[in-house]
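Text of target35.pdb, listed as PDB, C-alpha atoms, pLDDT in the B column:
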ATOM      1  CA  MET M1025      15.811 -55.770 -14.363  1.00 55.00           C
ATOM      2  CA  ARG M1026      18.237 -53.864 -16.581  1.00 64.00           C
ATOM      3  CA  THR M1027      17.537 -50.513 -18.173  1.00 68.00           C
ATOM      4  CA  PHE M1028      19.108 -49.539 -21.483  1.00 67.00           C
ATOM      5  CA  VAL M1029      19.106 -46.182 -23.255  1.00 64.00           C
ATOM      6  CA  ALA M1030      20.481 -46.018 -26.791  1.00 63.00           C
ATOM      7  CA  GLY M1031      22.243 -49.337 -26.294  1.00 71.00           C
ATOM      8  CA  GLN M1032      23.953 -48.321 -23.027  1.00 73.00           C
ATOM      9  CA  GLU M1033      23.021 -49.774 -19.672  1.00 80.00           C
ATOM     10  CA  ALA M1034      21.937 -47.251 -17.039  1.00 75.00           C
ATOM     11  CA  HIS M1035      23.004 -48.053 -13.475  1.00 78.00           C
ATOM     12  CA  GLY M1036      20.592 -45.931 -11.440  1.00 78.00           C
ATOM     13  CA  ASP M1037      18.196 -43.038 -11.815  1.00 77.00           C
ATOM     14  CA  ILE M1038      20.819 -40.330 -12.358  1.00 75.00           C
ATOM     15  CA  GLU M1039      22.635 -42.297 -15.040  1.00 78.00           C
ATOM     16  CA  PHE M1040      19.305 -43.060 -16.740  1.00 75.00           C
ATOM     17  CA  ALA M1041      18.465 -39.343 -16.854  1.00 74.00           C
ATOM     18  CA  GLU M1042      21.928 -38.495 -18.142  1.00 76.00           C
ATOM     19  CA  LEU M1043      21.690 -41.061 -20.928  1.00 74.00           C
ATOM     20  CA  ALA M1044      18.101 -40.245 -21.832  1.00 73.00           C
ATOM     21  CA  LEU M1045      18.421 -36.458 -21.745  1.00 72.00           C
ATOM     22  CA  GLY M1046      22.071 -36.039 -22.608  1.00 74.00           C
ATOM     23  CA  ILE M1047      22.575 -33.832 -19.540  1.00 80.00           C
ATOM     24  CA  ASP M1048      25.458 -34.413 -17.104  1.00 83.00           C
ATOM     25  CA  VAL M1049      23.802 -33.716 -13.760  1.00 83.00           C
ATOM     26  CA  ASP M1050      27.085 -33.075 -11.915  1.00 85.00           C
ATOM     27  CA  LEU M1051      28.127 -30.491 -14.503  1.00 87.00           C
ATOM     28  CA  PHE M1052      25.095 -28.309 -13.817  1.00 87.00           C
ATOM     29  CA  ARG M1053      24.320 -29.177 -10.191  1.00 87.00           C
ATOM     30  CA  GLY M1054      27.859 -29.675  -8.958  1.00 86.00           C
ATOM     31  CA  PRO M1055      29.483 -32.801  -7.555  1.00 84.00           C
ATOM     32  CA  LEU M1056      28.497 -34.264  -4.217  1.00 79.00           C
ATOM     33  CA  GLU M1057      32.097 -34.264  -3.032  1.00 81.00           C
ATOM     34  CA  TYR M1058      34.427 -31.307  -2.440  1.00 83.00           C
ATOM     35  CA  GLU M1059      35.638 -29.292  -5.411  1.00 85.00           C
ATOM     36  CA  THR M1060      38.239 -26.533  -5.397  1.00 89.00           C
ATOM     37  CA  ASP M1061      37.341 -22.979  -6.328  1.00 89.00           C
ATOM     38  CA  ASP M1062      39.225 -23.366  -9.633  1.00 94.00           C
ATOM     39  CA  ASP M1063      37.405 -26.613 -10.419  1.00 93.00           C
ATOM     40  CA  ARG M1064      34.066 -24.994  -9.574  1.00 90.00           C
ATOM     41  CA  ALA M1065      34.810 -21.972 -11.775  1.00 92.00           C
ATOM     42  CA  ALA M1066      35.801 -24.205 -14.717  1.00 94.00           C
ATOM     43  CA  ARG M1067      32.707 -26.408 -14.264  1.00 91.00           C
ATOM     44  CA  GLU M1068      30.402 -23.387 -14.067  1.00 91.00           C
ATOM     45  CA  ASP M1069      31.992 -21.816 -17.174  1.00 94.00           C
ATOM     46  CA  ALA M1070      31.459 -25.033 -19.126  1.00 93.00           C
ATOM     47  CA  ALA M1071      27.876 -25.321 -17.854  1.00 92.00           C
ATOM     48  CA  ARG M1072      27.139 -21.707 -18.902  1.00 93.00           C
ATOM     49  CA  ASP M1073      28.530 -22.358 -22.395  1.00 94.00           C
ATOM     50  CA  ILE M1074      26.514 -25.557 -22.832  1.00 91.00           C
ATOM     51  CA  LEU M1075      23.353 -23.895 -21.504  1.00 93.00           C
ATOM     52  CA  ALA M1076      23.831 -21.006 -23.951  1.00 95.00           C
ATOM     53  CA  ASP M1077      24.219 -23.513 -26.811  1.00 94.00           C
ATOM     54  CA  LEU M1078      21.057 -25.358 -25.738  1.00 92.00           C
ATOM     55  CA  ARG M1079      19.113 -22.091 -25.592  1.00 95.00           C
ATOM     56  CA  SER M1080      20.272 -21.014 -29.050  1.00 96.00           C
ATOM     57  CA  GLU M1081      19.344 -24.434 -30.464  1.00 95.00           C
ATOM     58  CA  ALA M1082      15.927 -24.091 -28.814  1.00 95.00           C
ATOM     59  CA  GLU M1083      15.435 -20.642 -30.358  1.00 97.00           C
ATOM     60  CA  ALA M1084      16.300 -22.182 -33.736  1.00 97.00           C
ATOM     61  CA  GLY M1085      13.402 -24.606 -33.313  1.00 96.00           C
ATOM     62  CA  ASP M1086      14.883 -27.633 -31.524  1.00 94.00           C
ATOM     63  CA  GLU M1087      12.199 -28.513 -28.974  1.00 94.00           C
ATOM     64  CA  ILE M1088      14.324 -31.186 -27.265  1.00 89.00           C
ATOM     65  CA  ALA M1089      17.150 -28.685 -26.743  1.00 91.00           C
ATOM     66  CA  GLY M1090      14.589 -26.341 -25.201  1.00 94.00           C
ATOM     67  CA  TRP M1091      13.497 -28.952 -22.677  1.00 91.00           C
ATOM     68  CA  ASP M1092      17.126 -29.854 -21.977  1.00 90.00           C
ATOM     69  CA  ALA M1093      17.901 -26.179 -21.385  1.00 93.00           C
ATOM     70  CA  LEU M1094      15.053 -25.909 -18.884  1.00 93.00           C
ATOM     71  CA  TYR M1095      16.240 -29.023 -17.039  1.00 89.00           C
ATOM     72  CA  ALA M1096      19.894 -27.911 -17.017  1.00 90.00           C
ATOM     73  CA  ASP M1097      18.920 -24.425 -15.836  1.00 91.00           C
ATOM     74  CA  ALA M1098      16.864 -25.911 -12.991  1.00 90.00           C
ATOM     75  CA  LEU M1099      19.844 -28.063 -11.958  1.00 87.00           C
ATOM     76  CA  THR M1100      22.027 -24.952 -11.646  1.00 87.00           C
ATOM     77  CA  ARG M1101      19.632 -23.679  -8.995  1.00 84.00           C
ATOM     78  CA  THR M1102      19.877 -26.766  -6.787  1.00 80.00           C
ATOM     79  CA  VAL M1103      22.353 -27.536  -4.032  1.00 69.00           C
ATOM     80  CA  PRO M1104      23.278 -31.133  -3.346  1.00 61.00           C
ATOM     81  CA  PHE M1105      22.022 -32.170   0.078  1.00 58.00           C
ATOM     82  CA  LEU M1106      25.433 -33.167   1.413  1.00 53.00           C
ATOM     83  CA  ARG M1107      26.997 -29.840   0.394  1.00 55.00           C
ATOM     84  CA  ALA M1108      24.080 -27.933   1.925  1.00 53.00           C
ATOM     85  CA  ALA M1109      24.344 -29.934   5.156  1.00 55.00           C
ATOM     86  CA  ARG M1110      28.047 -29.096   5.515  1.00 59.00           C
ATOM     87  CA  GLY M1111      27.195 -25.396   5.531  1.00 57.00           C
ATOM     88  CA  TYR M1112      24.608 -25.835   8.289  1.00 52.00           C
ATOM     89  CA  ARG M1113      25.640 -24.967  11.862  1.00 52.00           C
ATOM     90  CA  SER M1114      24.099 -27.547  14.144  1.00 51.00           C
ATOM     91  CA  GLY M1115      22.253 -26.242  17.136  1.00 52.00           C
ATOM     92  CA  THR M1116      21.778 -22.720  15.744  1.00 50.00           C
ATOM     93  CA  GLY M1117      19.312 -23.443  12.961  1.00 50.00           C
ATOM     94  CA  GLU M1118      21.353 -21.209  10.652  1.00 49.00           C
ATOM     95  CA  ALA M1119      23.488 -21.739   7.619  1.00 49.00           C
ATOM     96  CA  ALA M1120      27.202 -21.162   8.074  1.00 47.00           C
TER      97      ALA M1120
END
Written as structure tokens, how would this file's structure read?
Amino acid sequence: MRTFVAGQEAHGDIEFAELALGIDVDLFRGPLEYETDDDRAAREDAARDILADLRSEAEAGDEIAGWDALYADALTRTVPFLRAARGYRSGTGEAA
């Protein structure tokens, strides 16, 4: 079965959410693969700017922007499993 959002085919759950909500998950959560410190800083700056825009649109009465802002803000507080696992020291039970 194929899933389409606004005429575009979604290939998986993440892509469906991105198309439906207009939120780039990797922008707010971070990519699953390695990113340099400069890349991370640029991504986080862009995410902060977009989140600020969503919040101001929500304050102006755009309910959808408000929900998008909540979702994007929640994504900024998550850590992809693979990145979290890399920081874990096996055998000690502690994060690196």
Expected residue set, 12 Å radius at (27.5, -20.6, -13.1), all atoms listed in the file, as a count of residues only:
25
Any idea what the distance is between CA of Val1049 in chain M and CA of Asp1092 in chain M?
11.3 Å
M:Ala1034, M:Thr1060, M:Glu1039, M:Trp1091: which is nearest Arg1079 in chain M, counting only C-alpha atoms?
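For Arg1079 in chain M, the nearest of the given residues is M:Trp1091.
Straight-line separation from CA of Gln1032 in chain M to CA of Pro1055 in chain M: 22.6 Å.
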To one decimal in Å, tell me the separation between CA of Tyr1058 in chain M and CA of Gly1046 in chain M.
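Straight-line distance from CA of Tyr1058 in chain M to CA of Gly1046 in chain M works out to 24.1 Å.
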Report the residues retrieved by the PyMOL selection byres ((chain M and resi 1043) around 10) from the displayed file, expressed as a list in words.
Phe1028, Val1029, Ala1030, Gly1031, Gln1032, Glu1033, Ala1034, Asp1037, Ile1038, Glu1039, Phe1040, Ala1041, Glu1042, Ala1044, Leu1045, Gly1046, Ile1047 and Asp1048 of chain M
